[in-house]
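Peer 1: Here you go, this is entry.tsv (TSV, C-alpha atoms).
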chain	number	residue	atom	x	y	z
A	346	MET	CA	2.69	19.47	-3.01
A	347	ALA	CA	-0.99	20.42	-2.72
A	348	ALA	CA	-1.94	17.52	-4.97
A	349	ILE	CA	-0.90	14.97	-2.38
A	350	SER	CA	-3.11	16.33	0.38
A	351	SER	CA	-6.19	15.84	-1.77
A	352	LEU	CA	-5.76	12.10	-2.29
A	353	PRO	CA	-9.25	10.56	-1.91
A	354	PHE	CA	-8.79	7.93	0.79
A	355	ALA	CA	-12.35	7.63	2.04
A	356	ALA	CA	-11.41	6.17	5.39
A	357	LEU	CA	-9.01	8.88	6.50
A	358	ARG	CA	-11.38	11.60	7.64
A	359	ARG	CA	-13.36	9.41	10.03
A	360	ALA	CA	-10.35	7.67	11.52
A	361	ALA	CA	-8.99	10.32	13.89
A	362	ASP	CA	-8.70	8.29	17.05
A	363	CYS	CA	-11.50	5.78	16.90
A	364	ARG	CA	-11.56	2.19	18.10
A	365	PRO	CA	-13.19	-0.34	15.78
A	366	SER	CA	-16.24	-1.78	17.47
A	367	THR	CA	-15.87	-5.17	19.13
A	368	ALA	CA	-18.12	-8.07	18.20
A	369	ALA	CA	-21.71	-7.83	19.34
A	370	ALA	CA	-21.46	-11.40	20.53
A	371	ALA	CA	-19.16	-10.18	23.31
A	372	ALA	CA	-22.05	-8.54	25.16
A	373	GLY	CA	-22.63	-10.25	28.46
A	374	ALA	CA	-19.50	-12.43	28.19
A	375	GLY	CA	-16.76	-12.22	30.77
A	376	ALA	CA	-13.72	-10.06	30.07
A	377	GLY	CA	-11.06	-11.94	28.13
A	378	ALA	CA	-13.48	-14.73	27.20
A	379	VAL	CA	-13.86	-16.24	23.76
A	380	VAL	CA	-17.27	-17.06	22.34
A	381	LEU	CA	-17.40	-20.11	20.10
A	382	SER	CA	-20.13	-20.15	17.50
A	383	VAL	CA	-20.87	-23.23	15.43
A	384	ARG	CA	-22.12	-22.71	11.90
A	385	PRO	CA	-22.79	-25.76	9.69
A	386	ARG	CA	-21.71	-25.82	6.07
A	387	ARG	CA	-23.70	-27.62	3.46
A	388	GLY	CA	-22.36	-31.06	2.84
A	389	SER	CA	-19.56	-30.72	5.39
A	390	ARG	CA	-18.95	-30.84	9.10
A	391	SER	CA	-19.70	-27.88	11.33
A	392	VAL	CA	-17.24	-24.98	11.31
A	393	VAL	CA	-16.18	-23.50	14.63
A	394	ARG	CA	-15.58	-19.77	14.57
A	395	CYS	CA	-13.87	-17.77	17.31
A	396	VAL	CA	-15.37	-14.38	18.08
A	397	ALA	CA	-13.19	-12.02	20.10
A	398	THR	CA	-14.80	-10.45	23.14
A	399	ALA	CA	-14.15	-7.16	24.87
A	400	GLY	CA	-11.02	-8.69	26.37
A	401	ASP	CA	-9.43	-8.55	22.89
A	402	VAL	CA	-9.80	-4.84	22.22
A	403	PRO	CA	-8.00	-3.86	19.00
A	404	PRO	CA	-5.53	-0.96	19.04
A	405	THR	CA	-6.61	2.53	18.12
A	406	VAL	CA	-5.52	4.24	14.92
A	407	ALA	CA	-3.24	6.45	17.02
A	408	GLU	CA	-1.58	3.40	18.57
A	409	THR	CA	-0.96	1.83	15.16
A	410	LYS	CA	0.55	5.07	13.87
A	411	MET	CA	2.72	5.34	16.98
A	412	ASN	CA	3.95	1.76	16.50
A	413	PHE	CA	4.98	2.67	12.96
A	414	LEU	CA	6.87	5.77	14.13
A	415	LYS	CA	8.61	3.76	16.85
A	416	SER	CA	9.72	1.13	14.34
A	417	TYR	CA	10.99	3.63	11.79
A	418	LYS	CA	12.42	6.73	13.44
A	419	ARG	CA	14.11	8.44	10.52
A	420	PRO	CA	12.38	11.39	8.82
A	421	ILE	CA	10.38	10.59	5.68
A	422	PRO	CA	9.98	13.25	2.96
A	423	SER	CA	6.51	14.76	3.21
A	424	ILE	CA	5.46	13.69	-0.28
A	425	TYR	CA	5.79	10.07	0.85
A	426	SER	CA	4.92	10.50	4.51
A	427	THR	CA	1.51	12.07	3.84
A	428	VAL	CA	0.33	9.21	1.64
A	429	LEU	CA	1.85	6.54	3.89
A	430	GLN	CA	-0.03	7.92	6.89
A	431	GLU	CA	-3.30	7.92	4.95
A	432	LEU	CA	-2.71	4.37	3.74
A	433	LEU	CA	-1.89	3.23	7.26
A	434	VAL	CA	-5.14	4.68	8.62
A	435	GLN	CA	-7.16	3.08	5.85
A	436	GLN	CA	-5.49	-0.30	6.27
A	437	HIS	CA	-5.87	-0.18	10.07
A	438	LEU	CA	-9.64	0.07	9.62
A	439	MET	CA	-9.60	-2.89	7.23
A	440	ARG	CA	-7.26	-4.92	9.43
A	441	TYR	CA	-9.43	-4.74	12.54
A	442	LYS	CA	-12.80	-5.43	10.96
A	443	THR	CA	-14.36	-8.53	12.44
A	444	THR	CA	-14.69	-9.98	8.92
A	445	TYR	CA	-11.04	-9.38	7.99
A	446	GLN	CA	-8.98	-12.34	6.85
A	447	TYR	CA	-5.60	-11.96	5.21
A	448	ASP	CA	-5.16	-13.45	1.74
A	449	ALA	CA	-2.51	-13.41	-0.97
A	450	VAL	CA	-4.51	-11.27	-3.45
A	451	PHE	CA	-4.86	-8.57	-0.79
A	452	ALA	CA	-1.10	-8.82	-0.14
A	453	LEU	CA	-0.35	-8.48	-3.85
A	454	GLY	CA	-2.57	-5.41	-4.04
A	455	PHE	CA	-0.91	-3.70	-1.09
A	456	VAL	CA	2.62	-4.52	-2.27
A	457	THR	CA	1.73	-3.13	-5.72
A	458	VAL	CA	0.42	0.12	-4.23
A	459	TYR	CA	3.39	0.45	-1.87
A	460	ASP	CA	5.97	-0.14	-4.60
A	461	GLN	CA	4.25	2.38	-6.88
A	462	LEU	CA	4.14	4.93	-4.08
A	463	MET	CA	7.79	4.47	-3.06
A	464	GLU	CA	9.20	4.30	-6.58
A	465	GLY	CA	12.06	6.76	-6.76
A	466	TYR	CA	12.59	6.86	-2.98
A	467	PRO	CA	16.16	8.05	-2.26
A	468	SER	CA	17.25	4.83	-0.51
A	469	ASN	CA	16.24	1.23	-1.30
A	470	GLU	CA	17.33	0.18	2.17
A	471	ASP	CA	15.09	2.78	3.80
A	472	ARG	CA	12.22	1.83	1.50
A	473	ASP	CA	12.44	-1.78	2.70
A	474	ALA	CA	12.72	-0.68	6.34
A	475	ILE	CA	9.62	1.51	6.00
A	476	PHE	CA	7.68	-1.41	4.51
A	477	LYS	CA	8.69	-3.63	7.41
A	478	ALA	CA	7.74	-0.98	10.00
A	479	TYR	CA	4.39	-0.35	8.28
A	480	ILE	CA	3.26	-3.99	8.20
A	481	THR	CA	4.63	-4.72	11.66
A	482	ALA	CA	2.64	-1.78	13.05
A	483	LEU	CA	-0.49	-3.61	11.88
A	484	ASN	CA	0.59	-6.76	13.76
A	485	GLU	CA	1.18	-8.66	10.53
A	486	ASP	CA	4.20	-10.27	8.87
A	487	PRO	CA	6.02	-8.18	6.22
A	488	GLU	CA	7.92	-11.23	4.94
A	489	GLN	CA	4.65	-13.06	4.34
A	490	TYR	CA	3.31	-10.09	2.35
A	491	ARG	CA	6.37	-10.04	0.10
A	492	ALA	CA	6.52	-13.83	-0.31
A	493	ASP	CA	2.81	-14.16	-1.14
A	494	ALA	CA	2.91	-11.23	-3.56
A	495	GLN	CA	5.89	-12.80	-5.34
A	496	LYS	CA	4.12	-16.17	-5.59
A	497	MET	CA	1.02	-14.54	-7.08
A	498	GLU	CA	3.12	-12.58	-9.59
A	499	GLU	CA	5.07	-15.65	-10.71
A	500	TRP	CA	1.85	-17.62	-11.15
A	501	ALA	CA	0.12	-14.82	-13.07
A	502	ARG	CA	3.02	-14.54	-15.53
A	503	SER	CA	2.43	-18.16	-16.53
A	504	GLN	CA	-1.28	-17.59	-17.16
A	505	ASN	CA	-3.46	-16.02	-19.83
A	506	GLY	CA	-6.91	-14.47	-19.66
A	507	ASN	CA	-8.77	-17.77	-20.02
A	508	SER	CA	-6.67	-19.77	-17.56
A	509	LEU	CA	-7.03	-17.01	-14.96
A	510	VAL	CA	-10.77	-17.38	-14.78
A	511	GLU	CA	-10.67	-21.20	-14.90
A	512	PHE	CA	-8.86	-21.58	-11.57
A	513	SER	CA	-11.81	-23.42	-10.03
A	514	SER	CA	-11.30	-26.40	-12.36
A	515	LYS	CA	-7.57	-26.71	-11.67
A	516	ASP	CA	-5.31	-27.90	-8.88
A	517	GLY	CA	-2.40	-25.97	-7.45
A	518	GLU	CA	-1.36	-23.72	-4.58
A	519	ILE	CA	-2.58	-20.45	-6.10
A	520	GLU	CA	-5.72	-22.06	-7.47
A	521	ALA	CA	-6.50	-23.28	-3.93
A	522	ILE	CA	-6.05	-19.72	-2.61
A	523	LEU	CA	-8.46	-18.34	-5.20
A	524	LYS	CA	-11.00	-21.10	-4.52
A	525	ASP	CA	-10.87	-20.26	-0.81
A	526	ILE	CA	-11.45	-16.57	-1.55
A	527	SER	CA	-14.38	-17.45	-3.82
A	528	GLU	CA	-16.01	-19.57	-1.11
A	529	ARG	CA	-15.52	-16.97	1.59
A	530	ALA	CA	-16.80	-14.17	-0.64
A	531	GLN	CA	-19.90	-16.26	-1.32
A	532	GLY	CA	-20.65	-16.28	2.38
A	533	LYS	CA	-19.00	-19.50	3.50
A	534	GLY	CA	-16.52	-17.72	5.76
A	535	SER	CA	-15.04	-14.35	6.69
A	536	PHE	CA	-14.32	-12.07	3.76
A	537	SER	CA	-13.97	-8.31	3.63
A	538	TYR	CA	-13.53	-6.77	0.20
A	539	SER	CA	-11.08	-3.85	0.00
A	540	ARG	CA	-9.41	-1.51	-2.46
A	541	PHE	CA	-6.14	-3.41	-2.10
A	542	PHE	CA	-7.94	-6.58	-3.17
A	543	ALA	CA	-9.14	-4.79	-6.32
A	544	VAL	CA	-5.60	-3.67	-7.11
A	545	GLY	CA	-4.42	-7.26	-6.58
A	546	LEU	CA	-6.90	-8.48	-9.19
A	547	PHE	CA	-5.78	-5.76	-11.59
A	548	ARG	CA	-2.15	-6.79	-11.11
A	549	LEU	CA	-2.98	-10.44	-11.90
A	550	LEU	CA	-4.63	-9.40	-15.16
A	551	GLU	CA	-1.72	-7.10	-16.00
A	552	LEU	CA	0.92	-9.81	-15.50
A	553	ALA	CA	-1.11	-12.35	-17.48
A	554	ASN	CA	-1.46	-9.84	-20.35
A	555	ALA	CA	-5.24	-10.27	-20.11
A	556	THR	CA	-6.29	-7.08	-21.87
A	557	GLU	CA	-9.84	-8.02	-22.85
A	558	PRO	CA	-12.35	-6.11	-20.67
A	559	THR	CA	-14.55	-9.21	-20.34
A	560	ILE	CA	-11.79	-11.10	-18.49
A	561	LEU	CA	-12.17	-8.89	-15.42
A	562	ASP	CA	-15.93	-9.48	-15.52
A	563	LYS	CA	-15.41	-13.24	-15.61
A	564	LEU	CA	-12.75	-13.21	-12.89
A	565	CYS	CA	-14.98	-11.17	-10.57
A	566	ALA	CA	-17.85	-13.56	-11.21
A	567	ALA	CA	-15.64	-16.59	-10.51
A	568	LEU	CA	-14.48	-15.02	-7.23
A	569	ASN	CA	-17.99	-13.84	-6.27
A	570	ILE	CA	-16.75	-10.23	-6.14
A	571	ASN	CA	-18.88	-7.21	-7.05
A	572	LYS	CA	-17.50	-5.96	-10.38
A	573	ARG	CA	-18.90	-2.47	-9.86
A	574	SER	CA	-16.90	-2.08	-6.64
A	575	VAL	CA	-13.74	-3.25	-8.39
A	576	ASP	CA	-14.23	-0.75	-11.26
A	577	ARG	CA	-14.80	2.09	-8.79
A	578	ASP	CA	-11.72	1.27	-6.73
A	579	LEU	CA	-9.49	0.83	-9.76
A	580	ASP	CA	-10.56	4.30	-10.94
A	581	VAL	CA	-9.56	5.68	-7.54
A	582	TYR	CA	-6.23	3.83	-7.74
A	583	ARG	CA	-5.45	5.26	-11.17
A	584	ASN	CA	-6.38	8.73	-9.95
A	585	ILE	CA	-4.03	8.36	-6.97
A	586	LEU	CA	-1.16	7.25	-9.20
A	587	SER	CA	-1.75	10.18	-11.53
A	588	LYS	CA	-1.67	12.69	-8.68
A	589	LEU	CA	1.37	10.99	-7.18
A	590	VAL	CA	3.29	11.26	-10.46
A	591	GLN	CA	2.42	14.96	-10.65
A	592	ALA	CA	3.51	15.55	-7.06
A	593	LYS	CA	6.80	13.73	-7.62
A	594	GLU	CA	7.46	15.87	-10.66
A	595	LEU	CA	6.85	18.99	-8.59
A	596	LEU	CA	9.20	17.69	-5.92
A	597	LYS	CA	11.87	16.91	-8.50
A	598	GLU	CA	11.63	20.42	-9.95
A	599	TYR	CA	11.80	21.93	-6.46
A	600	VAL	CA	14.90	19.91	-5.53
A	601	GLU	CA	16.62	20.88	-8.77
A	602	ARG	CA	15.84	24.58	-8.23
A	603	GLU	CA	17.16	24.46	-4.66
A	604	LYS	CA	20.30	22.64	-5.79
A	605	LYS	CA	20.92	25.27	-8.46
A	606	LYS	CA	20.44	28.09	-5.91
A	607	ARG	CA	22.93	26.47	-3.52
A	608	GLU	CA	25.49	26.11	-6.30
A	609	GLU	CA	25.04	29.75	-7.29
A	610	ARG	CA	25.41	30.89	-3.67
A	611	SER	CA	28.57	28.80	-3.22
A	612	GLU	CA	30.11	30.26	-6.39
A	613	THR	CA	29.45	33.91	-5.44
A	614	PRO	CA	31.88	34.09	-2.45
A	615	LYS	CA	34.64	32.55	-4.60
A	616	SER	CA	34.14	35.23	-7.22
A	617	ASN	CA	34.28	37.98	-4.59
A	618	GLU	CA	37.39	36.43	-3.07
A	619	ALA	CA	39.13	36.38	-6.47
A	620	VAL	CA	38.29	40.06	-7.05
A	621	THR	CA	39.59	40.98	-3.59
A	622	LYS	CA	42.88	39.16	-4.18
A	623	PHE	CA	43.24	40.82	-7.56
A	624	ASP	CA	42.64	44.28	-6.07
A	625	GLY	CA	45.11	43.57	-3.28
A	626	SER	CA	47.83	42.52	-5.73
A	627	LEU	CA	47.22	45.58	-7.87
A	628	ASN	CA	47.53	47.91	-4.85
A	629	SER	CA	50.81	46.31	-3.74
A	630	MET	CA	52.28	46.83	-7.19
A	631	ARG	CA	51.41	50.50	-7.01
A	632	HIS	CA	53.31	50.91	-3.73
What is this structure when it is put down as structure tokens?
Peer 2:
Amino acid sequence: MAAISSLPFAALRRAADCRPSTAAAAAGAGAGAVVLSVRPRRGSRSVVRCVATAGDVPPTVAETKMNFLKSYKRPIPSIYSTVLQELLVQQHLMRYKTTYQYDAVFALGFVTVYDQLMEGYPSNEDRDAIFKAYITALNEDPEQYRADAQKMEEWARSQNGNSLVEFSSKDGEIEAILKDISERAQGKGSFSYSRFFAVGLFRLLELANATEPTILDKLCAALNINKRSVDRDLDVYRNILSKLVQAKELLKEYVEREKKKREERSETPKSNEAVTKFDGSLNSMRH
């Protein structure tokens, strides 16, 4: 069990009960107001961006965790609960960054991590209910996460290494999503890189059977993503999975030992009862 508590989620330790800072543009604006900033794009019309002011204060980490516990009230085994709580804290901090914008690659990454974490959970129904409570606690749509992740997976299975990195020259729903990410990552809109995004990229490569190391380099370049950050976060992800597998093995061994002890304890009274009956019958014969 000790292995789980050492999972290296960098955001957890500084998240105790903090509120993400509101936009600096809110200073001096009236409470509840919205500041509109106009930023021109090259070769296109101006883009209007909405910046939330102090009237739109995001929830605290504690409030997000409480929302999760209110949505799912059943006890969760500690091996899963510990990691879920850490993930929720980390994702809360991502979710309420001023640069955050949901996208399908991020969704694929989170769904991949969640499904890996909850693999082997005692109840499929509870696993789905926990997922719903988790995403809802972040004020997002769990059905959208699942639907977008499925779309990305289906698309990736029809691709290969070369076609993955050539999305910019093609038309299609997923290609349009990747083009949008590339533009935003280049500075033409809000984009906040995260570990879940890195896992989403890894999952695309995995499903496309793109095993050549250079494919990830090319995909990161096409998306304007820092390859070094992706490599670092994928190493962390693999480390987490390794520790999780070890912890689950320990839990499995513990459950089996406890089950065996209970069976042995339940058999002992029966043996004593049989001996007592035998002794009683023997005594009656003597009389």
Peer 1: Find, counting all atoms listed in the file, the residue in A:Asn507, A:Ser426, A:Gln495, A:Asn469 that gets nearest to A:Phe413.
Peer 2: A:Ser426
Peer 1: Report as a Markdown table: every residue of stretch 405-490 of chain A with an atom at most 10 Å from stretch 578-597 of chain A, its closest pair of atoms, and their distance in Å to one decimal, counting only C-alpha atoms, with rows sorted by chain and ascending residue number.
Peer 2:
| residue | atom | partner | partner_atom | distance |
| --- | --- | --- | --- | --- |
| A:Pro422 | CA | A:Leu596 | CA | 10.0 |
| A:Ser423 | CA | A:Leu596 | CA | 10.0 |
| A:Ile424 | CA | A:Ala592 | CA | 7.3 |
| A:Tyr425 | CA | A:Leu589 | CA | 9.2 |
| A:Val428 | CA | A:Leu589 | CA | 9.1 |
| A:Val458 | CA | A:Tyr582 | CA | 8.4 |
| A:Gln461 | CA | A:Leu586 | CA | 7.6 |
| A:Leu462 | CA | A:Leu589 | CA | 7.3 |
| A:Glu464 | CA | A:Lys593 | CA | 9.8 |
| A:Gly465 | CA | A:Lys593 | CA | 8.8 |
Peer 1: Pick from A:Thr409, A:Asn569, A:Gln436, A:Thr457: nearest to A:Gly545, with all atoms listed in the file counted?
Peer 2: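 Closest to A:Gly545 of all the choices is A:Thr457.
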Peer 1: I'd like the contact shell of stretch 524-534 of chain A - 8 Å cut-off, all atoms listed in the file, skipping same-chain residues fewer than 2 positions apart - returned as a ChimeraX atom specification.
Peer 2: /A:386,448,512-513,520-522,536-537,567-570
Peer 1: Which residue is closest to A:Ala492? Choose from A:Val434, A:Asp471, A:Val456, A:Ser514 and count only C-alpha atoms.
Peer 2: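 Closest to A:Ala492, using only C-alpha atoms: A:Val456.
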